[in-house]
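Everything below concerns the one structure shown next.
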Amino acid sequence: MARDLTAQIDPADPEGAYRTVAATVPLGKRYGTAAEVANVVMWLLSSESEYVSGALHLIDGALNS
C-alpha cells in the first residue's frame with residue numbers, strides 16, 4: 001500500500017518518494033510492518049488491555065509525535 005501511495009506522490013520516481021518518506025520516520029527510518037500493526041491489534045484484543053477505553057493508537061514510528 002505504501003508503494004501505491006508513493007506512486008501518487010511522485011509518479012516519475014515512486015521508489016525515490018518511498019525512500020524519502022521512510023527516511024523521515026524517527027524510529028528506524030522505515031515504514032512499519034504488518035506484523036507491527038498486528039502486535040498492537042493482538043494486544044488490544046487481549047485481556048492486558050481490558051482497562052483501555054476510547055484510545056487512539058498511532059502505529060507510525062513516532063512520525064506524528
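How things are named: the first chain in the C-alpha cells is A, the next is B, and so on; residues count from 1 in each chain; ligands count from 1 in the order shown.
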DSSP alpha helix (DSSP H) residues within chain A, listed as a PyMOL selection string | chain A and resi 2-9+14-23+34-45
Taking N, CA and C atoms for each residue, export the selection above as a PDB file, in the first residue's frame.
ATOM      1  N   ALA A   2       1.926   1.265   0.794  1.00  0.00           N
ATOM      2  CA  ALA A   2       2.790   2.450   0.843  1.00  0.00           C
ATOM      3  C   ALA A   2       3.378   2.745  -0.526  1.00  0.00           C
ATOM      4  N   ARG A   3       3.725   1.723  -1.252  1.00  0.00           N
ATOM      5  CA  ARG A   3       4.306   1.943  -2.582  1.00  0.00           C
ATOM      6  C   ARG A   3       3.256   2.510  -3.546  1.00  0.00           C
ATOM      7  N   ASP A   4       1.992   2.106  -3.390  1.00  0.00           N
ATOM      8  CA  ASP A   4       0.934   2.691  -4.208  1.00  0.00           C
ATOM      9  C   ASP A   4       0.786   4.179  -3.912  1.00  0.00           C
ATOM     10  N   LEU A   5       0.881   4.541  -2.631  1.00  0.00           N
ATOM     11  CA  LEU A   5       0.766   5.949  -2.246  1.00  0.00           C
ATOM     12  C   LEU A   5       1.941   6.763  -2.761  1.00  0.00           C
ATOM     13  N   THR A   6       3.141   6.219  -2.686  1.00  0.00           N
ATOM     14  CA  THR A   6       4.307   6.973  -3.160  1.00  0.00           C
ATOM     15  C   THR A   6       4.273   7.137  -4.678  1.00  0.00           C
ATOM     16  N   ALA A   7       3.636   6.217  -5.372  1.00  0.00           N
ATOM     17  CA  ALA A   7       3.476   6.375  -6.819  1.00  0.00           C
ATOM     18  C   ALA A   7       2.577   7.567  -7.129  1.00  0.00           C
ATOM     19  N   GLN A   8       1.642   7.861  -6.229  1.00  0.00           N
ATOM     20  CA  GLN A   8       0.786   9.032  -6.409  1.00  0.00           C
ATOM     21  C   GLN A   8       1.531  10.317  -6.062  1.00  0.00           C
ATOM     22  N   ILE A   9       2.456  10.246  -5.107  1.00  0.00           N
ATOM     23  CA  ILE A   9       3.233  11.420  -4.712  1.00  0.00           C
ATOM     24  C   ILE A   9       4.168  11.843  -5.840  1.00  0.00           C
ATOM     25  N   PRO A  14       8.560   6.720  -7.982  1.00  0.00           N
ATOM     26  CA  PRO A  14       7.886   6.240  -6.767  1.00  0.00           C
ATOM     27  C   PRO A  14       8.845   5.638  -5.743  1.00  0.00           C
ATOM     28  N   GLU A  15       9.904   4.984  -6.185  1.00  0.00           N
ATOM     29  CA  GLU A  15      10.865   4.399  -5.239  1.00  0.00           C
ATOM     30  C   GLU A  15      11.616   5.496  -4.492  1.00  0.00           C
ATOM     31  N   GLY A  16      11.941   6.572  -5.186  1.00  0.00           N
ATOM     32  CA  GLY A  16      12.605   7.702  -4.543  1.00  0.00           C
ATOM     33  C   GLY A  16      11.689   8.352  -3.514  1.00  0.00           C
ATOM     34  N   ALA A  17      10.410   8.488  -3.849  1.00  0.00           N
ATOM     35  CA  ALA A  17       9.442   9.046  -2.900  1.00  0.00           C
ATOM     36  C   ALA A  17       9.303   8.132  -1.690  1.00  0.00           C
ATOM     37  N   TYR A  18       9.290   6.826  -1.915  1.00  0.00           N
ATOM     38  CA  TYR A  18       9.206   5.846  -0.822  1.00  0.00           C
ATOM     39  C   TYR A  18      10.395   6.008   0.121  1.00  0.00           C
ATOM     40  N   ARG A  19      11.585   6.092  -0.427  1.00  0.00           N
ATOM     41  CA  ARG A  19      12.794   6.244   0.398  1.00  0.00           C
ATOM     42  C   ARG A  19      12.789   7.577   1.145  1.00  0.00           C
ATOM     43  N   THR A  20      12.344   8.640   0.486  1.00  0.00           N
ATOM     44  CA  THR A  20      12.318   9.964   1.113  1.00  0.00           C
ATOM     45  C   THR A  20      11.363   9.987   2.298  1.00  0.00           C
ATOM     46  N   VAL A  21      10.180   9.439   2.115  1.00  0.00           N
ATOM     47  CA  VAL A  21       9.196   9.411   3.204  1.00  0.00           C
ATOM     48  C   VAL A  21       9.688   8.502   4.330  1.00  0.00           C
ATOM     49  N   ALA A  22      10.210   7.338   3.987  1.00  0.00           N
ATOM     50  CA  ALA A  22      10.706   6.407   5.006  1.00  0.00           C
ATOM     51  C   ALA A  22      11.821   7.039   5.834  1.00  0.00           C
ATOM     52  N   ALA A  23      12.647   7.846   5.225  1.00  0.00           N
ATOM     53  CA  ALA A  23      13.763   8.476   5.935  1.00  0.00           C
ATOM     54  C   ALA A  23      13.299   9.484   6.981  1.00  0.00           C
ATOM     55  N   ALA A  34       3.399  -5.041   8.686  1.00  0.00           N
ATOM     56  CA  ALA A  34       2.088  -5.581   9.036  1.00  0.00           C
ATOM     57  C   ALA A  34       2.144  -6.283  10.387  1.00  0.00           C
ATOM     58  N   ALA A  35       3.255  -6.931  10.683  1.00  0.00           N
ATOM     59  CA  ALA A  35       3.402  -7.623  11.964  1.00  0.00           C
ATOM     60  C   ALA A  35       3.388  -6.633  13.124  1.00  0.00           C
ATOM     61  N   GLU A  36       3.972  -5.457  12.940  1.00  0.00           N
ATOM     62  CA  GLU A  36       3.965  -4.454  13.998  1.00  0.00           C
ATOM     63  C   GLU A  36       2.560  -3.933  14.261  1.00  0.00           C
ATOM     64  N   VAL A  37       1.786  -3.746  13.229  1.00  0.00           N
ATOM     65  CA  VAL A  37       0.387  -3.351  13.400  1.00  0.00           C
ATOM     66  C   VAL A  37      -0.395  -4.484  14.057  1.00  0.00           C
ATOM     67  N   ALA A  38      -0.156  -5.702  13.623  1.00  0.00           N
ATOM     68  CA  ALA A  38      -0.850  -6.866  14.197  1.00  0.00           C
ATOM     69  C   ALA A  38      -0.537  -7.024  15.680  1.00  0.00           C
ATOM     70  N   ASN A  39       0.683  -6.690  16.098  1.00  0.00           N
ATOM     71  CA  ASN A  39       1.026  -6.773  17.521  1.00  0.00           C
ATOM     72  C   ASN A  39       0.142  -5.862  18.364  1.00  0.00           C
ATOM     73  N   VAL A  40      -0.122  -4.663  17.879  1.00  0.00           N
ATOM     74  CA  VAL A  40      -0.992  -3.742  18.612  1.00  0.00           C
ATOM     75  C   VAL A  40      -2.421  -4.277  18.631  1.00  0.00           C
ATOM     76  N   VAL A  41      -2.877  -4.778  17.505  1.00  0.00           N
ATOM     77  CA  VAL A  41      -4.222  -5.349  17.438  1.00  0.00           C
ATOM     78  C   VAL A  41      -4.357  -6.522  18.403  1.00  0.00           C
ATOM     79  N   MET A  42      -3.365  -7.390  18.417  1.00  0.00           N
ATOM     80  CA  MET A  42      -3.412  -8.544  19.321  1.00  0.00           C
ATOM     81  C   MET A  42      -3.428  -8.090  20.783  1.00  0.00           C
ATOM     82  N   TRP A  43      -2.670  -7.062  21.110  1.00  0.00           N
ATOM     83  CA  TRP A  43      -2.673  -6.545  22.469  1.00  0.00           C
ATOM     84  C   TRP A  43      -4.048  -5.978  22.817  1.00  0.00           C
ATOM     85  N   LEU A  44      -4.642  -5.232  21.879  1.00  0.00           N
ATOM     86  CA  LEU A  44      -5.970  -4.669  22.133  1.00  0.00           C
ATOM     87  C   LEU A  44      -7.024  -5.755  22.328  1.00  0.00           C
ATOM     88  N   LEU A  45      -6.849  -6.882  21.666  1.00  0.00           N
ATOM     89  CA  LEU A  45      -7.787  -7.994  21.797  1.00  0.00           C
ATOM     90  C   LEU A  45      -7.526  -8.841  23.037  1.00  0.00           C
TER      91      LEU A  45
END
For Gly28 in chain A, please output as a list in words all residues within 12 Å (counting only C-alpha atoms; exclusion window: fewer than 4 positions along the same chain).
->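 In the requested form, the answer reads Ala22, Ala23, Thr24, Gly32, Thr33, Asp60, Gly61, Ala62 and Leu63 of chain A.
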Find the distance between CA of Ser65 in chain A and CA of Val25 in chain A and write it in Å to one decimal.
-> 10.4 Å
